[in-house]
Amino acid sequence: MRRKWLPAASVIAMALLAQLVLLPLFSHQLNAANGFLALLAVVALKTKREWGVVWGALLGGLSDALFMQRIGFHGISFTILGYFLGWTGGKMVLTGIAAVYLLSLGAVIFDSAAVSALFSLLEHPLAAGAVLPPVAISAAVTPLLAAGMEWVYRAATRRGRV
Amino acid sequence: MARTIASRRPEILVVLFLAGYLASLSLQIKRGERTLLGGVALALFSPVLTVFHEAQRFTREGADAYLWQKDAAVRNEALERENLFLKEREKLYESQGEENARLRRLLDIPPPTGFSLVAGRALMRYGEPFGRYLLVSCDTAASVFPNTPVLVPEGLVGKVQGASGGFYRVILTTDPSSAVGVTCQRTQVHGVAVGDGRLMNVRYVTNESDVKEEDVFVTSGEDGVFPPGIPVGTVTSVTDGGDFLKRIVLKPAVSMDSLSWVVMQVRGHA
């Protein structure tokens with residue numbers, strides 16, 4: 001029986017589980033890692049650009065609702081990321097989990113830089129000392145999360161084909 | 001035109017979403033939190049947000065409760081161990097307190113003139129069934145000679161028979177070879193208390209003498225060994241004998257089974 005929904009449901013469940021259970025358990029900062037960014041990295045690489053944009057806009061809004069005072073910072077960043085990840089997924093054949101890891105690492109860096117820049121432009125300037133430590137933690141954890149999700153996605157795809 | 005739009009659909013979507021988010025941000029920042037767009041966005045995400053917050057709170061509180069319970073269990077175990085230790089120590093202190101009280105009572109014994117008291121620890125009884133001896137340990141600079149009286153606040157225990165190092169062999173008053181000059185405290189009838197192993201017999205008291213049960217015999221001092229006035233025992237039975245002498249049985253004033261500390265009356269100053 002072919003179950004198309006299983007891989008996507010698995011990674012979404014994993015992102016929610018990581019964001020809701022694991023991160024609160026191991027860190028008092030909810031934004032120590034961004035499960036939605038990891039989810040975007042995994043999903044957008046497997047879809048077309050327009051769906052990457054939609055996923056990015058949706059997950060970015062969700063991230064803003066969770067982490068930020070205002071809606072839009074992550075929304076903008078994720079929308080752009082969704083587009084480029086969708087474009088990358090369409091242009092390249094990515095076979096290894098390492099590729100997802102590296103792309104999600106780049107996504108974390110881009111997202112942090114974009115959100116920091118937007119925040120500095122629209123709200124008030126941010127001190128580098130305040131931004132870098134959480135970004136470093138997120139850069140360490142989020143790509144691992146994305147790699148784990150990719151592994152789960154592949155396992156669920158294999159199981160869905162049974 | 002339509003084909004161009006269709007082929008550029010992703011880029012158009014990007015521009016639209018970016019414009020929307022930028023507009024949202026601008027409005028929120030310009031007018032504060034209660035903007036229409038911000039309100040719509042929040043209304044869209046607020047159920048999800050609430051679920052997120054509740055789930056996060058549930059997870060954190062559950063983990064905290066678990067950790068607190070685990071911590072409480074560990075502390076409980078530590079307190080139980082400490083309680084056990086303290087109970088044992090309390091028992092030790094109780095026995096030390098009792099010993100202290102016994103020693104204080106020993107110190108309250110007034111030594112006769114020309115005597116001083118030396119305390120010693122009663123280690124063990126031995127020699128049964130042929131003899132009744134007590135081994136006493138005493139670290140003293142005073143010279144404890146044979147025949148030195150040994151007593152406790154309740155009465156006479158015996159006398160020192162030999163010494164080796166800091167240990168003294170005390171022959172108890174209940175030993176069959178022990179003899180103590182005694183006198184009845186009530187009627188001043190004199191006799192000699194001889195041990196029979198467990199009790200004592202008072203000999204050489206004529207049938208005409210006035211001795212009754214419950215009379216207390218004390219040392220008379222006539223034997224030249226024991227100072228007068230030390231309780232020796234209480235009469236438990238008295239009968240007239242066919243040889244004109246009474247058969248008097250004394251129960252020792254001292255319970256020889258429960259001796260822990262004794263004092264020796266040493267001549268001179270210890």
# chains A, B, ... in the order shown; residues from 1 in each chain; ligands from 1
call {"tool": "closest_atom_pairs", "arguments": {"of": "stretch 92-156 of chain A", "to": "stretch 56-71 of chain A", "cutoff": "12 Å", "atoms": "only C-alpha atoms", "output": "JSON lines"}}
result
{"residue": "A:Ala107", "atom": "CA", "partner": "A:Gly56", "partner_atom": "CA", "distance": 11.5}
{"residue": "A:Asp111", "atom": "CA", "partner": "A:Gly60", "partner_atom": "CA", "distance": 10.0}
{"residue": "A:Val115", "atom": "CA", "partner": "A:Met68", "partner_atom": "CA", "distance": 10.1}
{"residue": "A:Ser116", "atom": "CA", "partner": "A:Met68", "partner_atom": "CA", "distance": 11.7}
{"residue": "A:Leu118", "atom": "CA", "partner": "A:Arg70", "partner_atom": "CA", "distance": 11.6}
{"residue": "A:Phe119", "atom": "CA", "partner": "A:Arg70", "partner_atom": "CA", "distance": 10.1}
{"residue": "A:Leu122", "atom": "CA", "partner": "A:Arg70", "partner_atom": "CA", "distance": 10.9}
{"residue": "A:Glu123", "atom": "CA", "partner": "A:Arg70", "partner_atom": "CA", "distance": 10.3}
call {"tool": "residues_around", "arguments": {"residues": "B:Glu213", "least_positions_apart": "2", "cutoff": "9 Å", "atoms": "only C-alpha atoms", "output": "PyMOL selection string"}}
result
chain B and resi 211+215-216+234-238+248
call {"tool": "closest_residue", "arguments": {"among": "A:Leu39, A:Ala33, A:Val141, A:Ala127", "to": "A:Ala15", "atoms": "only C-alpha atoms"}}
result
A:Leu39
call {"tool": "residues_around", "arguments": {"residues": "A:Thr142", "least_positions_apart": "3", "cutoff": "6 Å", "atoms": "only C-alpha atoms", "output": "PyMOL selection string"}}
result
chain A and resi 33-34+38+138-139+145
call {"tool": "write_last_selection", "arguments": {"atoms": "N, CA and C atoms", "output": "JSON list (two decimals), in the first residue's frame"}}
result
[["chain", "number", "residue", "atom", "x", "y", "z"],
["A", 33, "ALA", "N", 16.95, 26.18, 19.03],
["A", 33, "ALA", "CA", 17.01, 25.64, 17.67],
["A", 33, "ALA", "C", 15.65, 25.92, 17.03],
["A", 34, "ASN", "N", 15.64, 25.95, 15.72],
["A", 34, "ASN", "CA", 14.39, 26.23, 15.02],
["A", 34, "ASN", "C", 13.96, 24.99, 14.24],
["A", 38, "ALA", "N", 14.37, 23.69, 10.14],
["A", 38, "ALA", "CA", 14.83, 22.37, 9.75],
["A", 38, "ALA", "C", 13.79, 21.68, 8.87],
["A", 138, "SER", "N", 21.95, 27.66, 17.75],
["A", 138, "SER", "CA", 20.98, 27.26, 16.73],
["A", 138, "SER", "C", 21.69, 26.64, 15.52],
["A", 139, "ALA", "N", 22.86, 27.21, 15.17],
["A", 139, "ALA", "CA", 23.62, 26.68, 14.03],
["A", 139, "ALA", "C", 24.16, 25.29, 14.33],
["A", 145, "LEU", "N", 19.13, 18.61, 13.56],
["A", 145, "LEU", "CA", 17.69, 18.30, 13.55],
["A", 145, "LEU", "C", 17.23, 18.03, 12.10]]
call {"tool": "residues_around", "arguments": {"residues": "A:Ala117", "least_positions_apart": "5", "cutoff": "12 Å", "atoms": "only C-alpha atoms", "output": "PDB file with C-alpha atoms, in the first residue's frame"}}
result
ATOM      1  CA  PHE A  73      10.728  38.807  10.520  1.00  0.00           C
ATOM      2  CA  HIS A  74      11.039  35.072  10.053  1.00  0.00           C
ATOM      3  CA  ILE A  76      10.353  37.230   5.094  1.00  0.00           C
ATOM      4  CA  SER A  77      13.464  35.207   5.745  1.00  0.00           C
ATOM      5  CA  PHE A 110      20.970  33.326   6.392  1.00  0.00           C
ATOM      6  CA  ASP A 111      17.884  33.382   8.609  1.00  0.00           C
ATOM      7  CA  SER A 112      19.829  34.768  11.571  1.00  0.00           C
ATOM      8  CA  LEU A 122      12.842  48.238  11.836  1.00  0.00           C
ATOM      9  CA  GLU A 123      13.165  48.027  15.632  1.00  0.00           C
ATOM     10  CA  HIS A 124      16.503  48.868  17.178  1.00  0.00           C
ATOM     11  CA  PRO A 125      20.121  47.838  16.582  1.00  0.00           C
ATOM     12  CA  LEU A 126      21.249  44.587  18.124  1.00  0.00           C
ATOM     13  CA  ALA A 127      24.577  44.050  19.903  1.00  0.00           C
ATOM     14  CA  ALA A 128      26.676  41.283  18.355  1.00  0.00           C
ATOM     15  CA  VAL A 131      23.022  37.767  18.872  1.00  0.00           C
TER      16      VAL A 131
END
call {"tool": "residues_around", "arguments": {"residues": "stretch 169-172 of chain B", "least_positions_apart": "4", "cutoff": "8 Å", "atoms": "only C-alpha atoms", "output": "list of chain:residue names"}}
result
B:Arg132, B:Tyr133, B:Leu134, B:Leu135, B:Val136, B:Val150, B:Val157, B:Gly158, B:Lys159, B:Val160, B:Gln161, B:Gly162, B:Ala163, B:Ser178
call {"tool": "closest_residue", "arguments": {"among": "A:Ala146, A:Val54, A:Val100, A:Leu45", "to": "chain B", "atoms": "only C-alpha atoms"}}
result
A:Val54
call {"tool": "closest_residue", "arguments": {"among": "A:Ala156, A:Leu23, A:Ala130, A:Met149", "to": "A:Val43", "atoms": "only C-alpha atoms"}}
result
A:Met149
call {"tool": "decode", "arguments": {"residues": "stretch 36-147 of chain B", "atoms": "C-alpha atoms", "output": "tab-separated table (two decimals), in the first residue's frame"}}
result
chain	number	residue	atom	x	y	z
B	36	LEU	CA	-5.46	44.91	11.50
B	37	LEU	CA	-2.85	42.81	9.71
B	38	GLY	CA	-1.07	41.91	12.90
B	39	GLY	CA	-4.39	41.07	14.46
B	40	VAL	CA	-5.31	38.83	11.53
B	41	ALA	CA	-1.92	37.12	11.66
B	42	LEU	CA	-2.18	36.63	15.37
B	43	ALA	CA	-5.76	35.41	15.06
B	44	LEU	CA	-4.59	32.88	12.48
B	45	PHE	CA	-1.72	31.64	14.58
B	46	SER	CA	-3.08	32.15	18.05
B	47	PRO	CA	-4.71	28.68	18.37
B	48	VAL	CA	-1.48	27.08	17.25
B	49	LEU	CA	0.42	29.38	19.54
B	50	THR	CA	-1.79	28.49	22.48
B	51	VAL	CA	-1.36	24.79	21.80
B	52	PHE	CA	2.39	25.31	21.56
B	53	HIS	CA	2.56	27.20	24.81
B	54	GLU	CA	0.34	24.75	26.64
B	55	ALA	CA	2.29	21.78	25.34
B	56	GLN	CA	5.55	23.43	26.25
B	57	ARG	CA	4.27	24.28	29.74
B	58	PHE	CA	2.93	20.74	30.18
B	59	THR	CA	6.27	19.23	29.14
B	60	ARG	CA	8.32	21.53	31.32
B	61	GLU	CA	6.08	21.19	34.36
B	62	GLY	CA	5.98	17.41	33.95
B	63	ALA	CA	9.75	17.25	33.72
B	64	ASP	CA	10.10	19.59	36.71
B	65	ALA	CA	7.65	17.51	38.74
B	66	TYR	CA	9.52	14.33	37.86
B	67	LEU	CA	12.86	15.87	38.78
B	68	TRP	CA	11.41	17.24	42.02
B	69	GLN	CA	10.02	13.83	42.94
B	70	LYS	CA	13.30	12.15	42.15
B	71	ASP	CA	15.15	14.73	44.19
B	72	ALA	CA	12.67	14.29	47.03
B	73	ALA	CA	13.18	10.52	46.95
B	74	VAL	CA	16.94	10.93	47.09
B	75	ARG	CA	16.63	13.40	49.97
B	76	ASN	CA	14.25	11.03	51.73
B	77	GLU	CA	16.77	8.22	51.50
B	78	ALA	CA	19.50	10.46	52.85
B	79	LEU	CA	17.25	11.54	55.73
B	80	GLU	CA	16.40	7.92	56.51
B	81	ARG	CA	20.08	7.07	56.68
B	82	GLU	CA	20.72	10.09	58.86
B	83	ASN	CA	17.80	9.17	61.09
B	84	LEU	CA	19.14	5.65	61.51
B	85	PHE	CA	22.57	7.00	62.32
B	86	LEU	CA	21.14	9.46	64.84
B	87	LYS	CA	19.07	6.74	66.49
B	88	GLU	CA	22.16	4.59	66.91
B	89	ARG	CA	24.03	7.56	68.31
B	90	GLU	CA	21.18	8.30	70.68
B	91	LYS	CA	21.37	4.74	71.97
B	92	LEU	CA	25.09	5.16	72.48
B	93	TYR	CA	24.55	8.43	74.32
B	94	GLU	CA	21.90	6.81	76.50
B	95	SER	CA	24.26	4.02	77.53
B	96	GLN	CA	27.01	6.56	78.10
B	97	GLY	CA	24.62	8.61	80.22
B	98	GLU	CA	23.76	5.58	82.31
B	99	GLU	CA	27.42	4.79	82.77
B	100	ASN	CA	28.06	8.38	83.71
B	101	ALA	CA	25.32	8.18	86.34
B	102	ARG	CA	26.83	4.99	87.75
B	103	LEU	CA	30.23	6.62	87.95
B	104	ARG	CA	28.77	9.65	89.69
B	105	ARG	CA	27.13	7.39	92.24
B	106	LEU	CA	30.48	5.70	92.78
B	107	LEU	CA	32.07	9.05	93.41
B	108	ASP	CA	29.39	9.81	96.00
B	109	ILE	CA	30.61	6.96	98.24
B	110	PRO	CA	32.34	8.61	101.20
B	111	PRO	CA	35.68	6.94	101.84
B	112	PRO	CA	36.49	6.18	105.48
B	113	THR	CA	39.16	8.20	107.18
B	114	GLY	CA	42.60	7.24	105.97
B	115	PHE	CA	41.21	5.65	102.79
B	116	SER	CA	40.81	6.91	99.30
B	117	LEU	CA	38.71	5.55	96.46
B	118	VAL	CA	40.05	4.19	93.19
B	119	ALA	CA	37.55	3.39	90.46
B	120	GLY	CA	37.94	0.38	88.22
B	121	ARG	CA	36.00	-1.17	85.40
B	122	ALA	CA	34.48	-4.56	86.10
B	123	LEU	CA	35.44	-6.57	83.05
B	124	MET	CA	34.13	-10.09	83.65
B	125	ARG	CA	33.17	-12.68	86.20
B	126	TYR	CA	34.91	-16.00	86.12
B	127	GLY	CA	35.86	-19.05	88.18
B	128	GLU	CA	32.42	-20.64	88.37
B	129	PRO	CA	31.40	-23.13	89.64
B	130	PHE	CA	34.36	-23.49	91.99
B	131	GLY	CA	34.99	-19.85	92.65
B	132	ARG	CA	33.39	-16.45	92.25
B	133	TYR	CA	35.84	-13.93	90.94
B	134	LEU	CA	35.65	-10.62	89.21
B	135	LEU	CA	38.31	-9.19	86.92
B	136	VAL	CA	38.72	-5.44	87.38
B	137	SER	CA	40.73	-3.16	85.17
B	138	CYS	CA	42.14	-0.07	86.82
B	139	ASP	CA	44.84	2.33	85.69
B	140	THR	CA	46.02	3.92	88.89
B	141	ALA	CA	49.29	5.04	90.37
B	142	ALA	CA	48.09	4.04	93.85
B	143	SER	CA	49.19	0.75	95.32
B	144	VAL	CA	46.26	-1.63	95.49
B	145	PHE	CA	47.27	-4.41	97.82
B	146	PRO	CA	45.53	-7.74	98.40
B	147	ASN	CA	42.54	-7.60	100.75
